[in-house]
Amino acid sequence: MRTFMFAAALAVAAGPVSAQTFPARPVTVIVPFSAGGPTDVVARHLALAMGANLGQTVVVDNRPSSGGIVGAEALLRAAPDGYTLMIHNIGMSTVKALSPEIKFDPVRDFGYVGEVVDVPMTLVGKKDLPARNFQELSAYLKSQGSRINLSNAGIGTASHLCGLMLMTRLKVALTTVPYKGAAPAMTDLQGGQVDLLCDQITTTQQPILANRVQAYGSTTAVRLPSLPELPTLSEQGLPGFEVTVWHGLYAPRATPPAVIGRLQQALQAAQSDPAFVDSMKKLGAMPVGAGRATPAALEQKLKSQVATWTPLIQQSQGLVQ
């Protein structure tokens, strides 16, 4: 009995010590999308900033798949010790509605660290598309219908949602072409293999500025500071067409609160780091600030976005091809 009591006391004492010394080795952040894509770009800048605060290297591990399912499943299998995290975007709120066969519940089965950044989106097309502005594009899409290929970064991703909303608002069914990430989708768009892509400005801004694609509008309430001459879709005939991509940092569900607290501290420190803020500004992304970089804020955000997108997805299944 005394041996058991000693062992139990030792186990209790070891918990706070391990949390206080966390991290003692490198931390891995899973990116459930391809390298070079928008979430990957954000993750790599975040890894540098968080690593500086944690005093350890933060390694990015790309696990690309449609909807980010493979990466999420990898996090589910990870030890709940804070050494494996995942950054996911708005697609975390839609994956269950779009892929009901998945074995996990995005809200219930993960731990939360905090929100990271918001990223606006733009609608772009291949260079030789005959429509020169959104009004011409709208008419062109309605006349061509399923002959137009609308690419996206994968089922359930932000670009898929943006395309779904576009088809719903225009009442036209295009042929959707899912990729395993935004980077290959953008590569094929610039090569003329697909016609349209709606994606995060982290992917589209440089091709727009380099005149390698046609830009038709942003999905924001006001024009983007980095692209002031590009009208919003709202001002071009689609009022209220707003899709902002939010990103969250997740951990395995049973990760100790003290470890989550240390990760939250590093996340908040990263968001006030001048180098991180400047890198996000150049990408068109906006750090959310300490008030939203908390477990409670991320959990509430995910729940509210699930409630927002699930009905739209269910009502629009006929447009998903």
# chains A, B, ... in the order shown; residues from 1 in each chain; ligands from 1
call {"tool": "residues_around", "arguments": {"residues": "Asp188 (chain A)", "least_positions_apart": "5", "cutoff": "12 Å", "atoms": "only C-alpha atoms", "output": "number ranges by chain"}}
result
A: 125-127, 149-153, 177-179, 181-183, 193-197, 212-213
call {"tool": "select_by_dssp", "arguments": {"residues": "region 64-238 of chain A", "states": "helix (DSSP H, G or I)", "output": "PyMOL selection string"}}
result
chain A and resi 66-77+90-93+95-98+134-147+158-170+182-190+201-209+234-236
call {"tool": "atom_distance", "arguments": {"atom1": "CA of Glu299 (chain A)", "atom2": "CA of Tyr112 (chain A)"}}
result
6.5 Å
call {"tool": "atom_distance", "arguments": {"atom1": "CA of Glu115 (chain A)", "atom2": "CA of His247 (chain A)"}}
result
5.9 Å
call {"tool": "residues_around", "arguments": {"residues": "region 253-262 of chain A", "least_positions_apart": "6", "cutoff": "7 Å", "atoms": "only C-alpha atoms", "output": "CSV table (one decimal) with all heavy atoms, in the first residue's frame"}}
result
chain,number,residue,atom,x,y,z
A,19,ALA,N,4.7,20.0,-17.1
A,19,ALA,CA,4.1,21.2,-17.8
A,19,ALA,C,5.0,22.4,-17.7
A,19,ALA,O,5.1,23.2,-18.6
A,19,ALA,CB,2.7,21.5,-17.1
A,22,PHE,N,7.8,22.3,-20.2
A,22,PHE,CA,7.4,22.2,-21.6
A,22,PHE,C,7.7,23.5,-22.3
A,22,PHE,O,7.5,24.6,-21.8
A,22,PHE,CB,5.9,21.9,-21.7
A,22,PHE,CG,5.3,22.0,-23.1
A,22,PHE,CD1,5.4,20.9,-23.9
A,22,PHE,CD2,4.8,23.2,-23.6
A,22,PHE,CE1,4.9,20.9,-25.2
A,22,PHE,CE2,4.3,23.2,-24.9
A,22,PHE,CZ,4.4,22.0,-25.7
A,80,PRO,N,-1.3,13.3,-26.4
A,80,PRO,CA,-1.8,14.6,-25.9
A,80,PRO,C,-0.8,15.3,-25.0
A,80,PRO,O,-1.1,15.5,-23.8
A,80,PRO,CB,-3.1,14.2,-25.2
A,80,PRO,CG,-2.8,12.8,-24.7
A,80,PRO,CD,-1.9,12.1,-25.7
A,81,ASP,N,0.4,15.6,-25.5
A,81,ASP,CA,1.4,16.2,-24.7
A,81,ASP,C,1.9,17.5,-25.2
A,81,ASP,O,2.8,18.1,-24.6
A,81,ASP,CB,2.7,15.2,-24.7
A,81,ASP,CG,3.1,14.9,-26.1
A,81,ASP,OD1,2.7,15.5,-27.1
A,81,ASP,OD2,4.0,13.9,-26.2
A,82,GLY,N,1.2,18.1,-26.2
A,82,GLY,CA,1.6,19.4,-26.7
A,82,GLY,C,2.6,19.5,-27.7
A,82,GLY,O,2.9,20.5,-28.3
A,109,ASP,N,-13.8,16.5,-30.8
A,109,ASP,CA,-12.6,15.5,-30.7
A,109,ASP,C,-11.3,16.2,-30.6
A,109,ASP,O,-10.2,15.5,-30.7
A,109,ASP,CB,-12.7,14.5,-31.8
A,109,ASP,CG,-13.9,13.6,-31.7
A,109,ASP,OD1,-14.4,13.5,-30.6
A,109,ASP,OD2,-14.3,13.0,-32.7
A,110,PHE,N,-11.2,17.5,-30.6
A,110,PHE,CA,-9.9,18.2,-30.5
A,110,PHE,C,-9.8,19.2,-29.4
A,110,PHE,O,-10.8,19.7,-28.9
A,110,PHE,CB,-9.7,18.9,-31.9
A,110,PHE,CG,-9.6,18.0,-33.1
A,110,PHE,CD1,-10.7,17.7,-33.8
A,110,PHE,CD2,-8.4,17.4,-33.4
A,110,PHE,CE1,-10.7,16.9,-34.9
A,110,PHE,CE2,-8.3,16.6,-34.5
A,110,PHE,CZ,-9.5,16.3,-35.3
A,111,GLY,N,-8.6,19.5,-29.0
A,111,GLY,CA,-8.3,20.5,-28.0
A,111,GLY,C,-8.1,21.9,-28.8
A,111,GLY,O,-7.7,21.9,-29.9
A,113,VAL,N,-6.2,25.8,-28.9
A,113,VAL,CA,-5.2,26.7,-28.5
A,113,VAL,C,-5.6,28.1,-28.7
A,113,VAL,O,-5.6,28.9,-27.8
A,113,VAL,CB,-3.8,26.4,-29.2
A,113,VAL,CG1,-2.8,27.4,-28.7
A,113,VAL,CG2,-3.4,25.0,-28.9
call {"tool": "residues_around", "arguments": {"residues": "region 40-57 of chain A", "least_positions_apart": "2", "cutoff": "9 Å", "atoms": "only C-alpha atoms", "output": "short mmCIF file (atom, residue, chain, number, x, y, z; two decimals) with N, CA and C atoms, in the first residue's frame"}}
result
data_model
loop_
_atom_site.label_atom_id
_atom_site.label_comp_id
_atom_site.auth_asym_id
_atom_site.auth_seq_id
_atom_site.Cartn_x
_atom_site.Cartn_y
_atom_site.Cartn_z
N PHE A 22 7.80 22.28 -20.19
CA PHE A 22 7.39 22.19 -21.58
C PHE A 22 7.73 23.49 -22.31
N PRO A 23 8.27 23.39 -23.55
CA PRO A 23 8.64 22.17 -24.26
C PRO A 23 10.12 21.84 -24.05
N ALA A 24 10.42 20.59 -23.97
CA ALA A 24 11.79 20.12 -23.79
C ALA A 24 12.39 19.62 -25.09
N ARG A 25 11.62 19.64 -26.16
CA ARG A 25 12.08 19.19 -27.48
C ARG A 25 11.25 19.88 -28.54
N PRO A 26 11.59 19.73 -29.82
CA PRO A 26 10.85 20.41 -30.89
C PRO A 26 9.36 20.06 -30.90
N VAL A 27 8.58 21.03 -31.34
CA VAL A 27 7.13 20.88 -31.47
C VAL A 27 6.80 20.78 -32.96
N THR A 28 5.86 19.92 -33.31
CA THR A 28 5.43 19.75 -34.70
C THR A 28 4.05 20.35 -34.90
N VAL A 29 3.90 21.12 -35.96
CA VAL A 29 2.60 21.65 -36.35
C VAL A 29 2.20 21.01 -37.66
N ILE A 30 1.13 20.23 -37.63
CA ILE A 30 0.61 19.61 -38.84
C ILE A 30 -0.14 20.64 -39.67
N VAL A 31 0.18 20.70 -40.95
CA VAL A 31 -0.58 21.50 -41.91
C VAL A 31 -1.30 20.50 -42.81
N PRO A 32 -2.62 20.42 -42.76
CA PRO A 32 -3.33 19.38 -43.51
C PRO A 32 -3.53 19.72 -44.98
N PHE A 33 -2.64 20.55 -45.52
CA PHE A 33 -2.70 20.95 -46.93
C PHE A 33 -1.29 20.95 -47.50
N SER A 34 -1.17 21.21 -48.78
CA SER A 34 0.11 21.10 -49.47
C SER A 34 1.07 22.22 -49.09
N ALA A 35 2.35 21.93 -49.22
CA ALA A 35 3.39 22.95 -49.03
C ALA A 35 3.22 24.05 -50.07
N GLY A 36 3.40 25.28 -49.64
CA GLY A 36 3.27 26.41 -50.54
C GLY A 36 1.88 26.99 -50.61
N GLY A 37 0.89 26.29 -50.05
CA GLY A 37 -0.47 26.81 -50.01
C GLY A 37 -0.63 27.87 -48.94
N PRO A 38 -1.78 28.54 -48.90
CA PRO A 38 -1.97 29.66 -47.98
C PRO A 38 -1.84 29.30 -46.51
N VAL A 59 8.42 22.59 -36.02
CA VAL A 59 8.54 21.96 -37.33
C VAL A 59 7.18 21.88 -38.00
N VAL A 60 7.11 22.23 -39.28
CA VAL A 60 5.88 22.12 -40.06
C VAL A 60 5.85 20.78 -40.78
N ASN A 62 3.57 18.77 -43.43
CA ASN A 62 2.46 18.82 -44.38
C ASN A 62 1.84 17.44 -44.57
N ILE A 87 -2.62 23.35 -37.46
CA ILE A 87 -3.26 24.59 -37.87
C ILE A 87 -4.22 24.27 -39.01
N VAL A 116 -5.67 32.30 -35.03
CA VAL A 116 -4.35 32.77 -35.46
C VAL A 116 -4.46 34.03 -36.32
N VAL A 117 -4.97 33.89 -37.52
CA VAL A 117 -5.09 35.02 -38.44
C VAL A 117 -6.36 34.91 -39.27
N THR A 202 -3.15 35.07 -49.75
CA THR A 202 -1.80 34.54 -49.60
C THR A 202 -1.37 33.73 -50.82
N THR A 203 -2.34 33.17 -51.52
CA THR A 203 -2.07 32.42 -52.75
C THR A 203 -2.19 33.29 -53.99
N HIS A 247 -8.10 31.07 -39.27
CA HIS A 247 -7.23 29.93 -38.98
C HIS A 247 -7.17 29.70 -37.48
N ARG A 262 0.64 27.23 -21.97
CA ARG A 262 1.96 27.65 -22.46
C ARG A 262 1.93 27.87 -23.97
N LEU A 263 1.22 27.02 -24.69
CA LEU A 263 1.09 27.19 -26.14
C LEU A 263 0.31 28.46 -26.47
N GLN A 265 0.21 31.13 -24.66
CA GLN A 265 1.13 32.24 -24.39
C GLN A 265 2.06 32.48 -25.58
N ALA A 266 2.58 31.38 -26.14
CA ALA A 266 3.48 31.50 -27.29
C ALA A 266 2.74 32.02 -28.51
N LEU A 267 1.49 31.59 -28.69
CA LEU A 267 0.68 32.07 -29.81
C LEU A 267 0.43 33.57 -29.70
N GLN A 268 0.07 34.03 -28.52
CA GLN A 268 -0.19 35.45 -28.32
C GLN A 268 1.08 36.27 -28.47
N ALA A 269 2.21 35.72 -28.03
CA ALA A 269 3.48 36.42 -28.20
C ALA A 269 3.82 36.54 -29.68
N ALA A 270 3.54 35.49 -30.44
CA ALA A 270 3.81 35.50 -31.88
C ALA A 270 3.00 36.59 -32.57
N GLN A 271 1.75 36.77 -32.13
CA GLN A 271 0.88 37.73 -32.81
C GLN A 271 1.26 39.18 -32.54
N ASP A 273 4.61 39.84 -32.28
CA ASP A 273 5.98 39.88 -32.77
C ASP A 273 6.04 40.71 -34.05
N ALA A 275 8.07 40.93 -36.52
CA ALA A 275 8.41 40.20 -37.74
C ALA A 275 7.21 39.41 -38.25
N PHE A 276 6.47 38.78 -37.33
CA PHE A 276 5.29 38.01 -37.73
C PHE A 276 4.21 38.94 -38.26
N SER A 279 5.19 40.10 -41.70
CA SER A 279 5.07 39.04 -42.70
C SER A 279 3.62 38.80 -43.07
N MET A 280 2.72 38.86 -42.09
CA MET A 280 1.30 38.67 -42.38
C MET A 280 0.75 39.85 -43.20
N LEU A 283 1.44 39.46 -46.73
CA LEU A 283 0.62 38.41 -47.34
C LEU A 283 -0.85 38.81 -47.46
N ALA A 285 -2.71 39.01 -44.72
CA ALA A 285 -3.35 38.37 -43.58
C ALA A 285 -3.33 39.28 -42.37
#
call {"tool": "atom_distance", "arguments": {"atom1": "CA of Pro252 (chain A)", "atom2": "CA of Pro106 (chain A)"}}
result
11.4 Å
call {"tool": "residues_around", "arguments": {"residues": "Gly145 (chain A)", "least_positions_apart": "5", "cutoff": "9 Å", "atoms": "only C-alpha atoms", "output": "list in words"}}
result
Tyr140, Val172, Ala173, Leu174 and Thr175 of chain A
call {"tool": "residues_around", "arguments": {"residues": "Ser65 (chain A)", "least_positions_apart": "3", "cutoff": "6 Å", "atoms": "only C-alpha atoms", "output": "VMD selection string"}}
result
chain A and resid 68 70 180
call {"tool": "select_by_dssp", "arguments": {"residues": "region 86-217 of chain A", "states": "strand (DSSP E)", "output": "JSON, numbers by chain"}}
result
{"A": [86, 87, 88, 110, 111, 112, 113, 114, 115, 116, 117, 118, 119, 121, 122, 123, 124, 125, 149, 150, 151, 152, 175, 176, 177, 178, 196, 197, 198, 199, 200, 214, 215, 216, 217]}
call {"tool": "write_last_selection", "arguments": {"atoms": "C-alpha atoms", "output": "PDB file, in the first residue's frame"}}
result
ATOM      1  CA  MET A  86      -2.434  21.344 -36.146  1.00  0.00           C
ATOM      2  CA  ILE A  87      -3.264  24.594 -37.871  1.00  0.00           C
ATOM      3  CA  HIS A  88      -6.482  24.427 -39.890  1.00  0.00           C
ATOM      4  CA  PHE A 110      -9.899  18.192 -30.547  1.00  0.00           C
ATOM      5  CA  GLY A 111      -8.345  20.543 -28.035  1.00  0.00           C
ATOM      6  CA  TYR A 112      -8.144  24.273 -28.685  1.00  0.00           C
ATOM      7  CA  VAL A 113      -5.196  26.671 -28.456  1.00  0.00           C
ATOM      8  CA  GLY A 114      -6.530  29.790 -30.188  1.00  0.00           C
ATOM      9  CA  GLU A 115      -7.327  31.647 -33.382  1.00  0.00           C
ATOM     10  CA  VAL A 116      -4.352  32.769 -35.461  1.00  0.00           C
ATOM     11  CA  VAL A 117      -5.087  35.025 -38.439  1.00  0.00           C
ATOM     12  CA  ASP A 118      -7.868  36.094 -40.777  1.00  0.00           C
ATOM     13  CA  VAL A 119      -7.164  36.029 -44.505  1.00  0.00           C
ATOM     14  CA  MET A 121     -10.004  35.923 -50.520  1.00  0.00           C
ATOM     15  CA  THR A 122     -10.136  36.883 -54.180  1.00  0.00           C
ATOM     16  CA  LEU A 123     -11.793  35.397 -57.244  1.00  0.00           C
ATOM     17  CA  VAL A 124      -9.323  34.926 -60.100  1.00  0.00           C
ATOM     18  CA  GLY A 125      -9.384  33.372 -63.561  1.00  0.00           C
ATOM     19  CA  ASN A 149     -13.950  24.384 -64.510  1.00  0.00           C
ATOM     20  CA  LEU A 150     -13.941  25.921 -61.035  1.00  0.00           C
ATOM     21  CA  SER A 151     -10.891  24.665 -59.147  1.00  0.00           C
ATOM     22  CA  ASN A 152     -10.453  24.600 -55.377  1.00  0.00           C
ATOM     23  CA  THR A 175     -17.693  21.744 -62.830  1.00  0.00           C
ATOM     24  CA  THR A 176     -15.678  21.773 -59.616  1.00  0.00           C
ATOM     25  CA  VAL A 177     -12.121  20.438 -59.676  1.00  0.00           C
ATOM     26  CA  PRO A 178     -10.721  19.671 -56.209  1.00  0.00           C
ATOM     27  CA  LEU A 196     -11.398  29.837 -62.109  1.00  0.00           C
ATOM     28  CA  LEU A 197     -10.189  29.761 -58.526  1.00  0.00           C
ATOM     29  CA  CYS A 198     -11.420  31.572 -55.441  1.00  0.00           C
ATOM     30  CA  ASP A 199      -8.716  31.443 -52.808  1.00  0.00           C
ATOM     31  CA  GLN A 200      -6.884  33.246 -50.050  1.00  0.00           C
ATOM     32  CA  GLN A 214      -7.196  37.868 -64.056  1.00  0.00           C
ATOM     33  CA  ALA A 215      -8.644  39.248 -60.822  1.00  0.00           C
ATOM     34  CA  TYR A 216     -12.421  39.634 -60.669  1.00  0.00           C
ATOM     35  CA  GLY A 217     -13.049  40.752 -57.108  1.00  0.00           C
TER      36      GLY A 217
END
call {"tool": "decode", "arguments": {"residues": "region 252-274 of chain A", "atoms": "N, CA and C atoms", "output": "mmCIF file, in the first residue's frame"}}
result
data_model
loop_
_atom_site.group_PDB
_atom_site.id
_atom_site.type_symbol
_atom_site.label_atom_id
_atom_site.label_comp_id
_atom_site.auth_asym_id
_atom_site.auth_seq_id
_atom_site.Cartn_x
_atom_site.Cartn_y
_atom_site.Cartn_z
ATOM 1 N N PRO A 252 -4.281 17.779 -29.517
ATOM 2 C CA PRO A 252 -5.082 16.618 -29.121
ATOM 3 C C PRO A 252 -5.985 16.967 -27.938
ATOM 4 N N ARG A 253 -7.134 16.349 -27.871
ATOM 5 C CA ARG A 253 -8.162 16.750 -26.916
ATOM 6 C C ARG A 253 -7.713 16.695 -25.459
ATOM 7 N N ALA A 254 -6.952 15.680 -25.072
ATOM 8 C CA ALA A 254 -6.595 15.486 -23.669
ATOM 9 C C ALA A 254 -5.294 16.183 -23.271
ATOM 10 N N THR A 255 -4.831 17.116 -24.071
ATOM 11 C CA THR A 255 -3.614 17.848 -23.726
ATOM 12 C C THR A 255 -3.803 18.587 -22.396
ATOM 13 N N PRO A 256 -2.866 18.483 -21.458
ATOM 14 C CA PRO A 256 -3.028 19.120 -20.149
ATOM 15 C C PRO A 256 -3.257 20.627 -20.250
ATOM 16 N N PRO A 257 -4.128 21.172 -19.415
ATOM 17 C CA PRO A 257 -4.414 22.612 -19.450
ATOM 18 C C PRO A 257 -3.167 23.483 -19.315
ATOM 19 N N ALA A 258 -2.217 23.056 -18.479
ATOM 20 C CA ALA A 258 -1.013 23.859 -18.304
ATOM 21 C C ALA A 258 -0.207 23.937 -19.594
ATOM 22 N N VAL A 259 -0.177 22.844 -20.344
ATOM 23 C CA VAL A 259 0.536 22.835 -21.618
ATOM 24 C C VAL A 259 -0.200 23.704 -22.634
ATOM 25 N N ILE A 260 -1.519 23.593 -22.675
ATOM 26 C CA ILE A 260 -2.322 24.458 -23.549
ATOM 27 C C ILE A 260 -2.052 25.920 -23.208
ATOM 28 N N GLY A 261 -1.976 26.216 -21.918
ATOM 29 C CA GLY A 261 -1.713 27.586 -21.495
ATOM 30 C C GLY A 261 -0.374 28.096 -21.991
ATOM 31 N N ARG A 262 0.644 27.234 -21.971
ATOM 32 C CA ARG A 262 1.960 27.649 -22.464
ATOM 33 C C ARG A 262 1.931 27.872 -23.966
ATOM 34 N N LEU A 263 1.223 27.024 -24.690
ATOM 35 C CA LEU A 263 1.092 27.192 -26.136
ATOM 36 C C LEU A 263 0.312 28.462 -26.466
ATOM 37 N N GLN A 264 -0.737 28.735 -25.691
ATOM 38 C CA GLN A 264 -1.508 29.962 -25.896
ATOM 39 C C GLN A 264 -0.622 31.179 -25.681
ATOM 40 N N GLN A 265 0.215 31.127 -24.660
ATOM 41 C CA GLN A 265 1.131 32.235 -24.390
ATOM 42 C C GLN A 265 2.061 32.476 -25.577
ATOM 43 N N ALA A 266 2.583 31.381 -26.137
ATOM 44 C CA ALA A 266 3.479 31.504 -27.286
ATOM 45 C C ALA A 266 2.739 32.021 -28.511
ATOM 46 N N LEU A 267 1.490 31.588 -28.691
ATOM 47 C CA LEU A 267 0.680 32.069 -29.814
ATOM 48 C C LEU A 267 0.432 33.567 -29.701
ATOM 49 N N GLN A 268 0.073 34.025 -28.518
ATOM 50 C CA GLN A 268 -0.192 35.448 -28.319
ATOM 51 C C GLN A 268 1.082 36.273 -28.474
ATOM 52 N N ALA A 269 2.206 35.724 -28.026
ATOM 53 C CA ALA A 269 3.476 36.421 -28.204
ATOM 54 C C ALA A 269 3.821 36.541 -29.683
ATOM 55 N N ALA A 270 3.541 35.488 -30.440
ATOM 56 C CA ALA A 270 3.813 35.505 -31.879
ATOM 57 C C ALA A 270 3.000 36.589 -32.570
ATOM 58 N N GLN A 271 1.752 36.770 -32.135
ATOM 59 C CA GLN A 271 0.878 37.726 -32.806
ATOM 60 C C GLN A 271 1.260 39.178 -32.543
ATOM 61 N N SER A 272 2.098 39.395 -31.537
ATOM 62 C CA SER A 272 2.593 40.748 -31.287
ATOM 63 C C SER A 272 4.051 40.900 -31.709
ATOM 64 N N ASP A 273 4.607 39.836 -32.283
ATOM 65 C CA ASP A 273 5.984 39.882 -32.768
ATOM 66 C C ASP A 273 6.041 40.712 -34.053
ATOM 67 N N PRO A 274 6.845 41.777 -34.093
ATOM 68 C CA PRO A 274 6.874 42.658 -35.275
ATOM 69 C C PRO A 274 7.173 41.918 -36.574
#
